[in-house]
Amino acid sequence: MKAIEIRNKYLEFFKKHGHAVIPSAPLIPENDPSVLFTTAGMQPLVPYFLGEKHPEGTRLADFQKCVRTNDIDEVGDNRHLTYFEMLGNWSLGDYFKEESISMSFEFLTKELGIPVEKLFVTCFKGDKDCPRDEVAAQAWKKSGILEDHIYYYGKDDNWWIAGEEGPCGPDTEMFYDTGKSACGPNCQPSCDCGKYVEIWNNVFMEYFKDKNGYTKLKQKNVDTGLGLERMTMLLQKKETPFDTELFAPIMKRLEELQKVDSIESRRIVAEHLRSSIMIISDGGKPSNLDRGYVLRRLIRRMIRHLNKLQINLEELSTLINLNVEILKEMYPELEKNKELIKTVMLEEKDKFVKTLANGEKEFKKAIDRLGNTKLIPGEIVFKLYDTYGFPPEVTKELAEENDYEINQKEFKELFKKHQEKSRAGSEAKFKGGLAEQTKETIAYHTATHLLNAALKQVIGKDAHQRGSNITVDRMRFDFNCDHKLTEEEKKQVEDLVNKWIQEELPVTKQEMKKEEAIKSGAECMFIEKYPEIVTVYSIGNISKELCGGPHVTNTKELGKFKIKKEESSSSGVRRIKAILIKE
Ligand code: SER
């Protein structure tokens, strides 16, 4: 079965079981600077686990584009990927353990045809925070999972939370027995030897964790995630995802082009190429900070491995074409964004190529000077980063190729200091720049707060911001709403915003504890993603929002607010495009 067939089967199956199929959120979360990329299907849904009503109901399913980069330097082995697709189904206070487990079982055994003997499951073994999950284990038994295929583990294996705080709970994981021989008498699902491969994770999300511990959520949710590449590989009885149709044509092309053979380098190129394509297509740009830096690392590491394979870098453009061909059925947006992807990727390649050879020379010189030690000081790693644009994993690989190690700790400290400095620098530049040339974007930013407040008055207080995008010429604002706004509603919204502008309301800024801010009724998109101390911007007494700013100091600076367009953005989400006209 091809990956896209598995995806379609999955969505059809959950549709049949009453789920609304929602679109994948972008890889780069809109308006949420606190996370780099979307890393799981649940991420865009957090407000709904906490009790907010989802316009599509209480049963949802989707495929979600995800990027996880914690293991970037593991890519090249037979399983790690930075980009992957997660199939997910959710219950928002609807079904819980039994139904979730029986649907998973039915999907795996009936729809995908996996023999029950190949399935192993794990459940939470219980601790002071939460009891042993006998309910899940019973449900598995009732479905037909063999009794000795059920294992219990603690929080390390069978508990799921995104990060440190937020909605969470015990999970039950499903494993596929590849049939490889056991690595020893203790070989079991938690073992890393490759015999058992995790295929699906159902999280029974009924707790909320903050620094004081666990409390129960208002509602019991289910959050599940099934890794598509892995499932495809298993169903096709392939050894690695690189042998499936998602990567095989690229792997083959690389093999034809290479002058030096290395399967590891081919995998790195194939994986990083795909990941970079997906990130750029969703709006990513290489830079030295945060998201941009992840993308830069992916592209630069890929370039170095193309060099290792001695593949002419001029081939990059045709490799992008081929990769888009492979992926466009699954992600039709790639076709449309192909030229952009090429421009961004080739520009980054040109930048890196200029310094790559010199950096490698510098590296050789530096290790020659080291004498007997096999540990490369952080300072050298940092210099290679700072002067030659070498991401640390590239230097690490160079080191390993020469039997050296790098002092990660020292490098990380230097890097952190450097990032703090450049972040402060770019913020200062931003402020300075805004004062002169982009008064417009600041004004639009304040206008989004007014619009947010006006929508609450006109549509209802459940109308919340879902995203926004500002340029010097216009603003775009997404919010949840189950209907197209009427002419009357649009006019009311426009009139309210203009009334507040005319009232010359002061815009004030206050720092406070997150808890206090929420208690005081401040609006925010994703509460758990803010730090403990937050900035709250108030406009007169009509708007109060958690926000990083900057804003104008008085609404009189905005000019006249005009809605240009109101349209659907995605299911249950409307989009307003508006402008400010200087009087
Ligand atoms: N959030 C869980 C995971 O990422 C299930 O989707 O594994």
# chains A, B, ... in the order shown; residues from 1 in each chain; ligands from 1
>>> residues_near_ligand(ligand="ligand 1", cutoff="8 Å", atoms="only C-alpha atoms and all ligand atoms", output="VMD selection string")
chain A and resid 39 to 43 86 88 160 to 162 200 to 203 223 to 226
>>> residues_around(residues="A:Glu229", least_positions_apart="6", cutoff="8 Å", atoms="only C-alpha atoms", output="mmCIF file with N, CA, C and O atoms, in the first residue's frame")
data_model
loop_
_atom_site.group_PDB
_atom_site.id
_atom_site.type_symbol
_atom_site.label_atom_id
_atom_site.label_comp_id
_atom_site.auth_asym_id
_atom_site.auth_seq_id
_atom_site.Cartn_x
_atom_site.Cartn_y
_atom_site.Cartn_z
ATOM 1 N N ALA A 3 1.881 5.250 0.612
ATOM 2 C CA ALA A 3 1.615 6.147 1.753
ATOM 3 C C ALA A 3 0.288 6.885 1.582
ATOM 4 O O ALA A 3 -0.515 6.982 2.512
ATOM 5 N N PHE A 84 8.097 14.443 8.967
ATOM 6 C CA PHE A 84 7.240 13.262 8.835
ATOM 7 C C PHE A 84 5.785 13.680 8.851
ATOM 8 O O PHE A 84 5.458 14.808 9.217
ATOM 9 N N GLU A 85 4.952 12.771 8.428
ATOM 10 C CA GLU A 85 3.521 13.072 8.445
ATOM 11 C C GLU A 85 2.860 12.249 9.547
ATOM 12 O O GLU A 85 3.106 11.040 9.659
ATOM 13 N N PRO A 241 12.425 3.674 5.746
ATOM 14 C CA PRO A 241 11.525 4.545 4.961
ATOM 15 C C PRO A 241 12.144 4.944 3.627
ATOM 16 O O PRO A 241 11.444 5.292 2.686
ATOM 17 N N LEU A 246 8.366 7.037 -1.090
ATOM 18 C CA LEU A 246 8.546 8.427 -0.663
ATOM 19 C C LEU A 246 9.983 8.903 -0.879
ATOM 20 O O LEU A 246 10.233 10.090 -1.023
#
>>> atom_distance(atom1="atom CA of A:Gly126", atom2="atom CA of A:Lys216")
15.9 Å
>>> closest_residue(among="A:Leu217, A:Leu505, A:Ile542, A:Ile150", to="A:Pro47", atoms="only C-alpha atoms")
A:Leu217
>>> closest_residue(among="A:Gly378, A:Gly292, A:Gly76, A:Gly57", to="A:Phe411", atoms="only C-alpha atoms")
A:Gly378
>>> select_by_dssp(residues="stretch 345-465 of chain A", states="strand (DSSP E)", output="VMD selection string")
chain A and resid 375 to 376 405 to 406 465
>>> residues_around(residues="A:Glu379", least_positions_apart="3", cutoff="9 Å", atoms="only C-alpha atoms", output="number ranges by chain")
A: 376, 382-384, 407, 410-411, 414
>>> write_last_selection(atoms="C-alpha atoms", output="PDB file, in the first residue's frame")
ATOM      1  CA  ILE A 376      37.907  19.959  19.719  1.00  0.00           C
ATOM      2  CA  PHE A 382      32.033  28.348  17.187  1.00  0.00           C
ATOM      3  CA  LYS A 383      34.562  29.992  14.897  1.00  0.00           C
ATOM      4  CA  LEU A 384      33.634  27.569  12.134  1.00  0.00           C
ATOM      5  CA  ASN A 407      33.130  19.905  22.978  1.00  0.00           C
ATOM      6  CA  GLU A 410      31.439  24.741  25.330  1.00  0.00           C
ATOM      7  CA  PHE A 411      30.013  25.314  21.887  1.00  0.00           C
ATOM      8  CA  LEU A 414      29.122  30.294  23.181  1.00  0.00           C
TER       9      LEU A 414
END
>>> residues_around(residues="stretch 305-312 of chain A", least_positions_apart="2", cutoff="6 Å", atoms="only C-alpha atoms", output="ChimeraX atom specification")
/A:257-260,265,302-303,314-315
